[in-house]
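Raw my_file_33.json, JSON, C-alpha atoms and all ligand atoms:
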```
[["chain", "number", "residue", "atom", "x", "y", "z"],
["A", 1, "MET", "CA", 90.61, 82.50, 86.41],
["A", 2, "HIS", "CA", 87.46, 83.51, 88.27],
["A", 3, "GLY", "CA", 87.57, 80.30, 90.34],
["A", 4, "THR", "CA", 91.19, 80.90, 91.31],
["A", 5, "TYR", "CA", 90.38, 84.41, 92.55],
["A", 6, "THR", "CA", 87.41, 83.14, 94.51],
["A", 7, "GLN", "CA", 89.60, 80.54, 96.26],
["A", 8, "LEU", "CA", 92.20, 83.20, 97.02],
["A", 9, "TYR", "CA", 89.54, 85.46, 98.52],
["A", 10, "LYS", "CA", 88.17, 82.64, 100.64],
["A", 11, "LEU", "CA", 91.68, 81.93, 101.94],
["A", 12, "CYS", "CA", 92.32, 85.63, 102.70],
["A", 13, "ARG", "CA", 89.02, 85.94, 104.53],
["A", 14, "SER", "CA", 89.62, 82.79, 106.53],
["A", 15, "VAL", "CA", 92.88, 84.28, 107.85],
["A", 16, "GLY", "CA", 91.26, 87.68, 108.49],
["A", 17, "ILE", "CA", 92.71, 89.72, 105.60],
["A", 18, "MET", "CA", 90.60, 92.57, 104.26],
["A", 19, "ILE", "CA", 90.58, 92.70, 100.44],
["A", 20, "ILE", "CA", 90.08, 96.06, 98.72],
["A", 21, "GLY", "CA", 89.48, 96.36, 94.98],
["A", 22, "VAL", "CA", 91.09, 99.41, 93.29],
["A", 23, "LEU", "CA", 92.05, 100.42, 89.76],
["A", 24, "GLY", "CA", 95.43, 98.96, 88.98],
["A", 25, "PRO", "CA", 98.20, 98.44, 88.35],
["A", 26, "ARG", "CA", 100.13, 99.95, 91.29],
["A", 27, "GLY", "CA", 100.51, 103.74, 91.16],
["A", 28, "SER", "CA", 97.00, 104.71, 90.02],
["A", 29, "TYR", "CA", 95.30, 107.62, 91.76],
["A", 30, "SER", "CA", 92.82, 105.05, 93.12],
["A", 31, "ASP", "CA", 95.75, 103.23, 94.70],
["A", 32, "HIS", "CA", 96.77, 106.52, 96.33],
["A", 33, "ALA", "CA", 93.15, 107.13, 97.45],
["A", 34, "ALA", "CA", 93.16, 103.67, 99.07],
["A", 35, "SER", "CA", 96.38, 104.47, 101.00],
["A", 36, "LEU", "CA", 94.94, 107.77, 102.22],
["A", 37, "TRP", "CA", 91.70, 106.14, 103.29],
["A", 38, "LEU", "CA", 93.47, 103.27, 105.06],
["A", 39, "SER", "CA", 95.84, 105.59, 106.91],
["A", 40, "LYS", "CA", 92.84, 107.60, 108.14],
["A", 41, "GLU", "CA", 90.64, 104.61, 109.08],
["A", 42, "TYR", "CA", 93.14, 102.06, 110.29],
["A", 43, "THR", "CA", 95.77, 104.06, 112.15],
["A", 44, "ALA", "CA", 95.72, 101.53, 115.00],
["A", 45, "SER", "CA", 95.66, 98.22, 113.09],
["A", 46, "PRO", "CA", 98.66, 96.97, 111.11],
["A", 47, "LEU", "CA", 98.43, 97.26, 107.32],
["A", 48, "LYS", "CA", 99.55, 93.65, 106.81],
["A", 49, "ASP", "CA", 95.89, 92.73, 107.35],
["A", 50, "ILE", "CA", 94.92, 94.53, 104.13],
["A", 51, "SER", "CA", 95.38, 93.23, 100.61],
["A", 52, "LEU", "CA", 94.73, 95.40, 97.54],
["A", 53, "LYS", "CA", 93.27, 93.70, 94.50],
["A", 54, "TYR", "CA", 94.28, 95.66, 91.40],
["A", 55, "CYS", "CA", 91.45, 95.70, 88.83],
["A", 56, "ASP", "CA", 91.60, 96.47, 85.09],
["A", 57, "ASP", "CA", 88.88, 99.13, 85.10],
["A", 58, "ILE", "CA", 86.02, 100.59, 87.14],
["A", 59, "ILE", "CA", 83.54, 97.88, 86.11],
["A", 60, "ASP", "CA", 85.98, 95.19, 87.28],
["A", 61, "THR", "CA", 86.40, 97.00, 90.59],
["A", 62, "PHE", "CA", 82.64, 96.78, 91.16],
["A", 63, "ASN", "CA", 82.69, 93.13, 90.07],
["A", 64, "ALA", "CA", 85.45, 92.39, 92.59],
["A", 65, "VAL", "CA", 83.06, 93.47, 95.34],
["A", 66, "ILE", "CA", 79.81, 92.13, 93.87],
["A", 67, "LEU", "CA", 80.99, 88.86, 92.32],
["A", 68, "THR", "CA", 84.26, 87.80, 93.87],
["A", 69, "ASN", "CA", 83.74, 89.01, 97.43],
["A", 70, "ALA", "CA", 86.37, 91.70, 97.86],
["A", 71, "ASP", "CA", 85.34, 93.35, 101.13],
["A", 72, "LEU", "CA", 85.56, 96.92, 99.80],
["A", 73, "GLY", "CA", 86.01, 98.80, 96.53],
["A", 74, "ILE", "CA", 87.41, 102.31, 95.94],
["A", 75, "VAL", "CA", 86.51, 104.15, 92.71],
["A", 76, "PRO", "CA", 86.60, 107.76, 91.44],
["A", 77, "VAL", "CA", 83.16, 109.40, 91.33],
["A", 78, "GLU", "CA", 83.75, 113.05, 90.38],
["A", 79, "ASN", "CA", 86.52, 115.43, 89.42],
["A", 80, "SER", "CA", 86.66, 119.19, 89.85],
["A", 81, "ILE", "CA", 87.62, 119.78, 86.18],
["A", 82, "GLU", "CA", 85.98, 116.96, 84.24],
["A", 83, "GLY", "CA", 82.88, 116.33, 86.37],
["A", 84, "SER", "CA", 81.22, 112.99, 87.00],
["A", 85, "VAL", "CA", 82.72, 109.63, 86.22],
["A", 86, "GLY", "CA", 79.75, 108.27, 84.24],
["A", 87, "VAL", "CA", 80.64, 104.59, 84.52],
["A", 88, "THR", "CA", 80.82, 104.84, 88.33],
["A", 89, "LEU", "CA", 77.36, 106.44, 88.44],
["A", 90, "ASP", "CA", 76.00, 103.69, 86.18],
["A", 91, "MET", "CA", 77.48, 100.96, 88.38],
["A", 92, "LEU", "CA", 75.98, 102.57, 91.50],
["A", 93, "MET", "CA", 72.57, 102.29, 89.85],
["A", 94, "GLU", "CA", 73.13, 98.77, 88.53],
["A", 95, "HIS", "CA", 74.47, 97.09, 91.68],
["A", 96, "GLU", "CA", 73.30, 96.76, 95.27],
["A", 97, "ILE", "CA", 76.18, 98.47, 97.05],
["A", 98, "HIS", "CA", 76.59, 100.62, 100.16],
["A", 99, "ILE", "CA", 78.94, 103.62, 100.34],
["A", 100, "ILE", "CA", 80.88, 103.73, 103.62],
["A", 101, "GLY", "CA", 83.38, 106.52, 102.99],
["A", 102, "GLU", "CA", 84.90, 109.11, 100.68],
["A", 103, "VAL", "CA", 88.42, 110.33, 99.95],
["A", 104, "VAL", "CA", 89.30, 113.57, 98.14],
["A", 105, "VAL", "CA", 92.65, 113.40, 96.38],
["A", 106, "PRO", "CA", 94.57, 116.37, 94.88],
["A", 107, "ILE", "CA", 95.54, 115.43, 91.33],
["A", 108, "GLU", "CA", 98.73, 116.66, 89.64],
["A", 109, "HIS", "CA", 99.16, 115.03, 86.25],
["A", 110, "CYS", "CA", 102.62, 114.63, 84.71],
["A", 111, "LEU", "CA", 103.76, 113.69, 81.22],
["A", 112, "LEU", "CA", 105.93, 110.57, 81.56],
["A", 113, "SER", "CA", 108.01, 108.84, 78.94],
["A", 114, "ARG", "CA", 111.17, 106.86, 78.25],
["A", 115, "GLY", "CA", 111.92, 109.28, 75.42],
["A", 116, "LYS", "CA", 112.27, 113.07, 75.06],
["A", 117, "ILE", "CA", 109.49, 115.59, 74.41],
["A", 118, "GLU", "CA", 110.36, 115.83, 70.70],
["A", 119, "ASP", "CA", 110.01, 112.00, 70.33],
["A", 120, "ILE", "CA", 106.38, 111.87, 71.54],
["A", 121, "ARG", "CA", 103.87, 110.65, 68.92],
["A", 122, "VAL", "CA", 101.35, 108.80, 71.11],
["A", 123, "ILE", "CA", 99.75, 109.94, 74.38],
["A", 124, "LEU", "CA", 98.13, 107.36, 76.64],
["A", 125, "SER", "CA", 95.90, 107.78, 79.67],
["A", 126, "HIS", "CA", 92.61, 107.15, 81.42],
["A", 127, "PRO", "CA", 89.77, 109.13, 79.72],
["A", 128, "GLN", "CA", 89.27, 111.25, 82.87],
["A", 129, "ALA", "CA", 92.95, 112.29, 82.87],
["A", 130, "LEU", "CA", 92.87, 113.02, 79.12],
["A", 131, "GLY", "CA", 89.79, 115.20, 79.70],
["A", 132, "GLN", "CA", 91.51, 117.08, 82.53],
["A", 133, "CYS", "CA", 94.46, 117.84, 80.20],
["A", 134, "ARG", "CA", 92.45, 118.51, 77.00],
["A", 135, "GLN", "CA", 93.80, 122.03, 76.39],
["A", 136, "PHE", "CA", 97.36, 121.03, 77.25],
["A", 137, "ILE", "CA", 97.27, 118.19, 74.69],
["A", 138, "LYS", "CA", 95.70, 120.40, 72.01],
["A", 139, "SER", "CA", 98.26, 123.16, 72.39],
["A", 140, "HIS", "CA", 101.42, 121.06, 72.96],
["A", 141, "PHE", "CA", 100.72, 117.87, 70.97],
["A", 142, "PRO", "CA", 98.07, 118.74, 68.34],
["A", 143, "HIS", "CA", 99.12, 115.84, 66.08],
["A", 144, "ALA", "CA", 99.68, 113.13, 68.69],
["A", 145, "GLU", "CA", 97.63, 109.96, 68.55],
["A", 146, "ILE", "CA", 95.54, 109.67, 71.73],
["A", 147, "ARG", "CA", 94.93, 106.23, 73.24],
["A", 148, "THR", "CA", 92.77, 105.53, 76.27],
["A", 149, "THR", "CA", 93.71, 103.03, 78.98],
["A", 150, "GLY", "CA", 91.93, 101.53, 82.01],
["A", 151, "SER", "CA", 93.97, 103.70, 84.39],
["A", 152, "THR", "CA", 96.77, 106.26, 84.42],
["A", 153, "SER", "CA", 99.19, 103.70, 85.90],
["A", 154, "HIS", "CA", 98.33, 101.26, 83.11],
["A", 155, "ALA", "CA", 99.26, 104.05, 80.68],
["A", 156, "ALA", "CA", 102.59, 104.49, 82.50],
["A", 157, "LYS", "CA", 103.28, 100.77, 82.30],
["A", 158, "LEU", "CA", 102.55, 100.72, 78.55],
["A", 159, "ALA", "CA", 104.70, 103.81, 77.94],
["A", 160, "THR", "CA", 107.77, 101.86, 79.05],
["A", 161, "GLU", "CA", 107.60, 99.94, 75.75],
["A", 162, "PHE", "CA", 108.33, 102.70, 73.18],
["A", 163, "GLU", "CA", 110.16, 106.03, 73.37],
["A", 164, "GLU", "CA", 107.51, 107.66, 71.17],
["A", 165, "MET", "CA", 104.85, 106.99, 73.81],
["A", 166, "ALA", "CA", 104.05, 109.23, 76.76],
["A", 167, "ALA", "CA", 101.63, 108.61, 79.61],
["A", 168, "ILE", "CA", 99.62, 111.17, 81.53],
["A", 169, "ALA", "CA", 99.91, 109.85, 85.08],
["A", 170, "SER", "CA", 101.14, 110.71, 88.56],
["A", 171, "ARG", "CA", 104.72, 111.53, 89.51],
["A", 172, "ASP", "CA", 104.66, 108.41, 91.75],
["A", 173, "SER", "CA", 104.08, 106.12, 88.77],
["A", 174, "ALA", "CA", 107.15, 107.60, 86.99],
["A", 175, "GLY", "CA", 109.29, 106.23, 89.81],
["A", 176, "MET", "CA", 107.47, 102.89, 89.86],
["A", 177, "TYR", "CA", 107.81, 102.24, 86.12],
["A", 178, "GLY", "CA", 111.19, 103.89, 85.51],
["A", 179, "LEU", "CA", 109.92, 106.75, 83.32],
["A", 180, "ASN", "CA", 111.20, 110.32, 83.01],
["A", 181, "VAL", "CA", 108.96, 113.16, 84.17],
["A", 182, "LEU", "CA", 108.94, 115.39, 81.07],
["A", 183, "LEU", "CA", 106.43, 117.95, 82.37],
["A", 184, "CYS", "CA", 104.46, 118.31, 85.55],
["A", 185, "ASN", "CA", 101.16, 119.90, 86.60],
["A", 186, "ILE", "CA", 99.78, 119.71, 83.06],
["A", 187, "GLN", "CA", 96.04, 119.64, 83.92],
["A", 188, "ASP", "CA", 94.00, 122.53, 82.50],
["A", 189, "CYS", "CA", 93.19, 124.03, 85.93],
["A", 190, "ASN", "CA", 95.59, 124.16, 88.85],
["A", 191, "ASN", "CA", 93.03, 123.26, 91.45],
["A", 192, "ASN", "CA", 92.34, 119.64, 90.45],
["A", 193, "HIS", "CA", 90.69, 117.27, 92.91],
["A", 194, "THR", "CA", 88.98, 113.91, 92.52],
["A", 195, "ARG", "CA", 86.49, 112.47, 94.98],
["A", 196, "PHE", "CA", 86.62, 108.70, 95.45],
["A", 197, "ILE", "CA", 84.00, 106.59, 97.20],
["A", 198, "VAL", "CA", 84.64, 103.55, 99.37],
["A", 199, "PHE", "CA", 81.90, 100.93, 99.10],
["A", 200, "ARG", "CA", 80.94, 97.42, 100.08],
["A", 201, "LYS", "CA", 78.16, 95.03, 99.11],
["A", 202, "LYS", "CA", 74.77, 96.09, 100.47],
["A", 203, "GLN", "CA", 73.60, 94.14, 103.52],
["A", 204, "GLU", "CA", 70.02, 93.30, 104.37],
["A", 205, "ASP", "CA", 69.74, 95.72, 107.28],
["A", 206, "ASP", "CA", 71.41, 98.73, 105.61],
["A", 207, "ASP", "CA", 68.04, 100.29, 104.75],
["A", 208, "LEU", "CA", 66.76, 99.86, 108.31],
["A", 209, "ALA", "CA", 68.87, 102.86, 109.28],
["A", 210, "TRP", "CA", 66.40, 105.21, 107.54],
["A", 211, "LYS", "CA", 63.26, 103.03, 107.37],
["A", 212, "THR", "CA", 62.96, 102.60, 111.16],
["A", 213, "CYS", "CA", 61.47, 105.37, 113.27],
["A", 214, "SER", "CA", 63.01, 107.42, 116.08],
["A", 215, "GLY", "CA", 64.27, 105.58, 119.15],
["A", 216, "SER", "CA", 64.81, 102.27, 117.33],
["A", 217, "VAL", "CA", 67.94, 100.16, 117.63],
["A", 218, "ALA", "CA", 69.18, 101.18, 114.18],
["A", 219, "GLU", "CA", 69.12, 104.82, 115.17],
["A", 220, "THR", "CA", 71.35, 104.48, 118.17],
["A", 221, "ASP", "CA", 74.38, 102.68, 116.71],
["A", 222, "ASP", "CA", 77.73, 104.38, 116.19],
["A", 223, "THR", "CA", 76.81, 107.58, 118.03],
["A", 224, "ALA", "CA", 80.41, 108.87, 118.12],
["A", 225, "LYS", "CA", 80.77, 108.80, 114.33],
["A", 226, "ARG", "CA", 77.38, 110.45, 113.82],
["A", 227, "ASP", "CA", 78.66, 113.60, 115.48],
["A", 228, "LEU", "CA", 81.12, 114.18, 112.63],
["A", 229, "PRO", "CA", 79.68, 115.87, 109.52],
["A", 230, "HIS", "CA", 78.18, 113.24, 107.21],
["A", 231, "ARG", "CA", 77.05, 113.14, 103.62],
["A", 232, "THR", "CA", 74.23, 110.95, 102.32],
["A", 233, "SER", "CA", 73.95, 109.79, 98.70],
["A", 234, "ILE", "CA", 70.72, 108.70, 97.02],
["A", 235, "ILE", "CA", 69.49, 107.91, 93.51],
["A", 236, "VAL", "CA", 65.97, 108.92, 92.50],
["A", 237, "TYR", "CA", 63.90, 108.17, 89.40],
["A", 238, "LEU", "CA", 60.79, 110.30, 88.98],
["A", 239, "ASP", "CA", 58.77, 107.92, 86.80],
["A", 240, "ARG", "CA", 56.07, 110.39, 85.67],
["A", 241, "ASP", "CA", 57.20, 113.37, 83.62],
["A", 242, "ARG", "CA", 55.14, 116.27, 85.00],
["A", 243, "PRO", "CA", 55.77, 119.99, 85.59],
["A", 244, "GLY", "CA", 57.36, 120.64, 88.99],
["A", 245, "ALA", "CA", 58.21, 117.00, 89.81],
["A", 246, "LEU", "CA", 61.87, 117.72, 90.56],
["A", 247, "TYR", "CA", 60.95, 120.99, 92.34],
["A", 248, "ASP", "CA", 58.55, 119.03, 94.50],
["A", 249, "LEU", "CA", 61.20, 116.46, 95.39],
["A", 250, "LEU", "CA", 63.88, 119.05, 96.16],
["A", 251, "GLY", "CA", 61.37, 120.97, 98.27],
["A", 252, "GLU", "CA", 61.52, 118.13, 100.83],
["A", 253, "PHE", "CA", 65.17, 119.08, 101.42],
["A", 254, "ALA", "CA", 64.55, 122.84, 101.30],
["A", 255, "ILE", "CA", 61.75, 122.87, 103.90],
["A", 256, "ARG", "CA", 64.01, 120.96, 106.33],
["A", 257, "LYS", "CA", 67.02, 123.20, 105.54],
["A", 258, "ILE", "CA", 69.03, 120.16, 104.41],
["A", 259, "ASN", "CA", 71.98, 121.32, 102.33],
["A", 260, "LEU", "CA", 72.33, 119.62, 98.93],
["A", 261, "THR", "CA", 76.01, 119.12, 98.07],
["A", 262, "ARG", "CA", 75.52, 117.71, 94.58],
["A", 263, "ILE", "CA", 72.83, 116.91, 92.05],
["A", 264, "GLU", "CA", 73.60, 115.11, 88.84],
["A", 265, "SER", "CA", 71.38, 113.67, 86.15],
["A", 266, "ARG", "CA", 72.19, 110.61, 84.11],
["A", 267, "PRO", "CA", 70.19, 109.10, 81.23],
["A", 268, "SER", "CA", 67.84, 106.34, 82.44],
["A", 269, "LYS", "CA", 68.86, 104.42, 79.28],
["A", 270, "ARG", "CA", 65.16, 103.69, 78.63],
["A", 271, "ILE", "CA", 64.37, 106.49, 76.20],
["A", 272, "LEU", "CA", 65.96, 109.77, 75.08],
["A", 273, "GLY", "CA", 65.27, 112.62, 77.51],
["A", 274, "ASP", "CA", 64.49, 110.34, 80.48],
["A", 275, "TYR", "CA", 66.76, 110.79, 83.51],
["A", 276, "ILE", "CA", 67.67, 109.49, 86.93],
["A", 277, "PHE", "CA", 69.01, 111.88, 89.56],
["A", 278, "TYR", "CA", 72.00, 111.38, 91.84],
["A", 279, "ILE", "CA", 71.62, 113.56, 94.90],
["A", 280, "ASP", "CA", 74.12, 114.11, 97.73],
["A", 281, "PHE", "CA", 73.24, 116.11, 100.83],
["A", 282, "ALA", "CA", 74.64, 116.94, 104.24],
["A", 283, "GLY", "CA", 73.35, 114.76, 107.07],
["A", 284, "ASN", "CA", 73.22, 111.19, 108.30],
["A", 285, "ILE", "CA", 70.44, 108.69, 107.53],
["A", 286, "SER", "CA", 70.23, 108.01, 111.27],
["A", 287, "ASP", "CA", 69.13, 111.63, 111.89],
["A", 288, "THR", "CA", 65.38, 112.06, 112.30],
["A", 289, "ILE", "CA", 65.26, 115.02, 109.92],
["A", 290, "ILE", "CA", 66.97, 113.01, 107.16],
["A", 291, "LYS", "CA", 64.72, 109.99, 107.74],
["A", 292, "ASP", "CA", 61.68, 112.29, 107.48],
["A", 293, "ALA", "CA", 62.95, 113.77, 104.21],
["A", 294, "LEU", "CA", 63.61, 110.34, 102.70],
["A", 295, "ASN", "CA", 60.27, 108.95, 103.82],
["A", 296, "SER", "CA", 58.50, 111.98, 102.28],
["A", 297, "ILE", "CA", 60.38, 111.56, 98.98],
["A", 298, "LEU", "CA", 59.67, 107.83, 98.75],
["A", 299, "PRO", "CA", 55.98, 108.08, 97.69],
["A", 300, "LYS", "CA", 56.81, 110.86, 95.18],
["A", 301, "ALA", "CA", 59.53, 108.85, 93.44],
["A", 302, "GLY", "CA", 59.19, 105.99, 90.98],
["A", 303, "MET", "CA", 62.36, 104.54, 92.51],
["A", 304, "MET", "CA", 64.64, 105.65, 95.35],
["A", 305, "LYS", "CA", 67.91, 103.98, 96.25],
["A", 306, "VAL", "CA", 69.79, 105.05, 99.39],
["A", 307, "LEU", "CA", 73.50, 104.51, 98.74],
["A", 308, "GLY", "CA", 74.68, 105.29, 102.26],
["A", 309, "SER", "CA", 75.79, 107.92, 104.78],
["A", 310, "TYR", "CA", 79.47, 108.47, 105.37],
["A", 311, "GLU", "CA", 81.87, 110.90, 106.96],
["A", 312, "MET", "CA", 82.48, 113.99, 104.79],
["A", 313, "MET", "CA", 86.09, 114.68, 103.93],
["A", 401, "LIG", "O1", 93.52, 106.13, 86.37],
["A", 401, "LIG", "C1", 93.70, 106.36, 87.59],
["A", 401, "LIG", "O2", 94.80, 106.51, 88.11],
["A", 401, "LIG", "C2", 92.50, 106.48, 88.42],
["A", 401, "LIG", "O3", 92.52, 106.20, 89.59],
["A", 401, "LIG", "C3", 91.30, 107.12, 87.76],
["A", 401, "LIG", "C4", 91.55, 108.57, 87.73],
["A", 401, "LIG", "C5", 92.04, 109.16, 86.59],
["A", 401, "LIG", "C6", 92.29, 110.53, 86.59],
["A", 401, "LIG", "C7", 92.05, 111.27, 87.74],
["A", 401, "LIG", "C8", 91.57, 110.66, 88.86],
["A", 401, "LIG", "C9", 91.33, 109.30, 88.86]]
```
Reformat the file's structure so that it appears as structure tokens.
Ligand SMILES: O=C(O)C(=O)Cc1ccccc1
Amino acid sequence: MHGTYTQLYKLCRSVGIMIIGVLGPRGSYSDHAASLWLSKEYTASPLKDISLKYCDDIIDTFNAVILTNADLGIVPVENSIEGSVGVTLDMLMEHEIHIIGEVVVPIEHCLLSRGKIEDIRVILSHPQALGQCRQFIKSHFPHAEIRTTGSTSHAAKLATEFEEMAAIASRDSAGMYGLNVLLCNIQDCNNNHTRFIVFRKKQEDDDLAWKTCSGSVAETDDTAKRDLPHRTSIIVYLDRDRPGALYDLLGEFAIRKINLTRIESRPSKRILGDYIFYIDFAGNISDTIIKDALNSILPKAGMMKVLGSYEMM
């Protein structure tokens, strides 16, 4: 199976097709995020040059880029109701990837089924979607069996099999899989948005953009894009547990008036109570002030990984 995919990728690349890994099947929110991103980035070039590879889950989407040479991957990273997508953060730490863009997608979950509301015994969806509709499920279907799936569109596909099954998924996937929309906008807060990241495999010179000093070649590329507001994402591990270590690290941003847009901790998986930090901030790694901040953090950190700078949405 793996060999067949690899041959297919080689063929696509040889004829100039860009392959993008997303959560499948068709109709997932990741699929929608990919369309939005492509329409923004590739307005001039025809979409026939792009081929989406539908992956079973987020880990497979990373593998498509890391192992089977998909050019890009698009995965959810955080949601305004449910917070971080833990598996995405873990994969960002585990693999050598480079973030090149982000897409923010408004999410309106619907309850889809072949049957009627009173038939529903089983509710299927991606864990993030189930989390975003936790109160809805508890109040409307307190006795339903809950089953998790790799994506919301996979849930919709499965729900076509039995009338007692309902999927929490997008309105688009109802049309694609021939399901009825029983209820719409069922998430626990009206304002529901998910941020997706667009990434590729890390290249050797990606780190030169912040490791080289002012006036170097790396600093001068892509000047037009640098004028748009950018976000930079890094991962830091502090190694030695000491009072004020995080304060000290964050101070490097504060003294330069760099605006942090997100900070998230995740277990290091070494020992209980040991964490790595995911930090996003406004600015581009090609900017001198950002380079200075990163180069000042480097000696204070046990490990620092720069994930990339990309246009803010
Ligand atoms: O399952 C999907 O459709 C995804 O793309 C993951 C997801 C699930 C719920 C909200 C946003 C993204």
| request: For a cut-off of 12 Å around (81.8, 100.1, 97.9), file coordinates, pick out all residues using only C-alpha atoms and list them as a ChimeraX atom specification. | output: /A:19-22,34,58,61-66,69-77,88,91-92,95-102,196-203,307-308,310
| task | Give me, please, the distance in Å between atom CA of Thr194 of chain A and atom CA of Arg262 of chain A, quoted to one decimal. | result |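 That distance, rounded to one decimal, is 14.1 Å.
One finds atom CA of Thr152 of chain A at 10.8 Å from atom CA of Asp31 of chain A.
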| request: Return as a PyMOL selection string the residues of protein, DNA or RNA that approach ligand LIG 401 (chain A) to within 7 Å, with only C-alpha atoms and all ligand atoms taken into account. | output: chain A and resi 23+28-31+76+79+107+126+128-129+150-153+169+194
| message | Could you check the closest approach to Lys211 of chain A for each of A:Ser84, A:Asp287, A:Ile235, A:Phe277 and tell me which residue wins, using only C-alpha atoms? | response | A:Asp287
Let me have the centre and edge lengths of the axis-aligned box enclosing all listed atoms of segment 195-208 of chain A with 5 Å padding on every side, in Å to one decimal, as AutoDock Vina command-line options.
```
--center_x 76.7 --center_y 102.9 --center_z 101.6 --size_x 29.9 --size_y 29.2 --size_z 23.3
```
Can you tell me which residues surround segment 191-193 of chain A at a distance of at most 7 Å, considering only C-alpha atoms, apart from same-chain residues fewer than 5 positions away, and format the answer as a PDB file with C-alpha atoms, in the frame of the given file?
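For reference, selection32.pdb as written:
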```
ATOM      1  CA  ASN A  79      86.520 115.430  89.420  1.00  0.00           C
ATOM      2  CA  SER A  80      86.660 119.190  89.850  1.00  0.00           C
ATOM      3  CA  ILE A  81      87.620 119.780  86.180  1.00  0.00           C
ATOM      4  CA  VAL A 104      89.300 113.570  98.140  1.00  0.00           C
ATOM      5  CA  VAL A 105      92.650 113.400  96.380  1.00  0.00           C
ATOM      6  CA  PRO A 106      94.570 116.370  94.880  1.00  0.00           C
ATOM      7  CA  ILE A 107      95.540 115.430  91.330  1.00  0.00           C
TER       8      ILE A 107
END
```
| task | Pick out the closest residue to Ile297 of chain A from this set: A:Leu179, A:Met312, A:Leu260, A:Val236. Count all atoms listed in the file. | result |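 Of A:Leu179, A:Met312, A:Leu260, A:Val236, the one nearest Ile297 of chain A, counting all atoms listed in the file, is A:Val236.
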| request: Determine, counting all atoms listed in the file, which protein, DNA and RNA residues have an atom within 10 Å of an atom of Gly131 of chain A; residues of the same chain fewer than 4 positions away are not included. Present the result as an MDAnalysis selection string. | output: chainID A and resid 81:83 125:127 135:137 187:188
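Minimum distance to Asp274 of chain A across A:Ala254, A:Ile289, A:Gly302, A:Asp241 (counting all atoms listed in the file) occurs at A:Asp241.
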| said: Report, in Å to a single decimal, how far apart atom CA of Asp239 of chain A and atom CA of Arg270 of chain A are. | reply: 11.2 Å
| task | Point out the residue among A:Val122, A:Met93, A:Ala174, A:Ile59 with the least atom-to-atom distance to Pro142 of chain A, counting only C-alpha atoms. | result |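 Among the listed residues, the smallest separation from Pro142 of chain A belongs to A:Val122.
Of the residues under consideration (A:Thr288, A:Ser35, A:Pro267, A:Met176), A:Ser35 shows the shortest atom-to-atom contact distance to Val103 of chain A when counting all atoms listed in the file.
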| request: Using only C-alpha atoms, pick whichever of A:Asn259, A:Ser113, A:Asn185, A:Thr232 has the shortest atom-to-atom distance to Lys157 of chain A. | output: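 Closest to Lys157 of chain A of all the choices is A:Ser113.
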Output: segment 23-35 of chain A of the preceding structure, restricted to N, CA and C atoms, written as a PDB file, in the first residue's frame.
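Once written, result-v1.pdb looks like this:
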```pdb
ATOM      1  N   LEU A  23      -7.375  15.770   6.383  1.00  0.00           N
ATOM      2  CA  LEU A  23      -8.248  14.754   6.980  1.00  0.00           C
ATOM      3  C   LEU A  23      -9.389  14.436   6.028  1.00  0.00           C
ATOM      4  N   GLY A  24      -9.580  13.171   5.763  1.00  0.00           N
ATOM      5  CA  GLY A  24     -10.657  12.788   4.852  1.00  0.00           C
ATOM      6  C   GLY A  24     -11.725  12.005   5.587  1.00  0.00           C
ATOM      7  N   PRO A  25     -12.728  11.499   4.909  1.00  0.00           N
ATOM      8  CA  PRO A  25     -12.933  11.668   3.479  1.00  0.00           C
ATOM      9  C   PRO A  25     -13.429  13.101   3.143  1.00  0.00           C
ATOM     10  N   ARG A  26     -13.806  13.288   1.888  1.00  0.00           N
ATOM     11  CA  ARG A  26     -14.305  14.570   1.404  1.00  0.00           C
ATOM     12  C   ARG A  26     -15.346  15.165   2.360  1.00  0.00           C
ATOM     13  N   GLY A  27     -15.342  16.462   2.550  1.00  0.00           N
ATOM     14  CA  GLY A  27     -16.379  17.093   3.369  1.00  0.00           C
ATOM     15  C   GLY A  27     -15.948  17.400   4.797  1.00  0.00           C
ATOM     16  N   SER A  28     -14.703  17.046   5.156  1.00  0.00           N
ATOM     17  CA  SER A  28     -14.241  17.381   6.518  1.00  0.00           C
ATOM     18  C   SER A  28     -14.002  18.898   6.587  1.00  0.00           C
ATOM     19  N   TYR A  29     -13.905  19.415   7.791  1.00  0.00           N
ATOM     20  CA  TYR A  29     -13.587  20.839   7.934  1.00  0.00           C
ATOM     21  C   TYR A  29     -12.173  21.114   7.410  1.00  0.00           C
ATOM     22  N   SER A  30     -11.293  20.116   7.509  1.00  0.00           N
ATOM     23  CA  SER A  30      -9.929  20.278   6.979  1.00  0.00           C
ATOM     24  C   SER A  30      -9.966  20.430   5.465  1.00  0.00           C
ATOM     25  N   ASP A  31     -10.871  19.681   4.843  1.00  0.00           N
ATOM     26  CA  ASP A  31     -11.069  19.775   3.389  1.00  0.00           C
ATOM     27  C   ASP A  31     -11.483  21.214   3.035  1.00  0.00           C
ATOM     28  N   HIS A  32     -12.413  21.746   3.831  1.00  0.00           N
ATOM     29  CA  HIS A  32     -12.889  23.111   3.619  1.00  0.00           C
ATOM     30  C   HIS A  32     -11.747  24.113   3.833  1.00  0.00           C
ATOM     31  N   ALA A  33     -10.938  23.864   4.892  1.00  0.00           N
ATOM     32  CA  ALA A  33      -9.795  24.746   5.180  1.00  0.00           C
ATOM     33  C   ALA A  33      -8.840  24.746   3.982  1.00  0.00           C
ATOM     34  N   ALA A  34      -8.631  23.563   3.392  1.00  0.00           N
ATOM     35  CA  ALA A  34      -7.732  23.455   2.231  1.00  0.00           C
ATOM     36  C   ALA A  34      -8.277  24.292   1.070  1.00  0.00           C
ATOM     37  N   SER A  35      -9.599  24.204   0.818  1.00  0.00           N
ATOM     38  CA  SER A  35     -10.182  24.998  -0.287  1.00  0.00           C
ATOM     39  C   SER A  35      -9.995  26.489  -0.035  1.00  0.00           C
TER      40      SER A  35
END
```
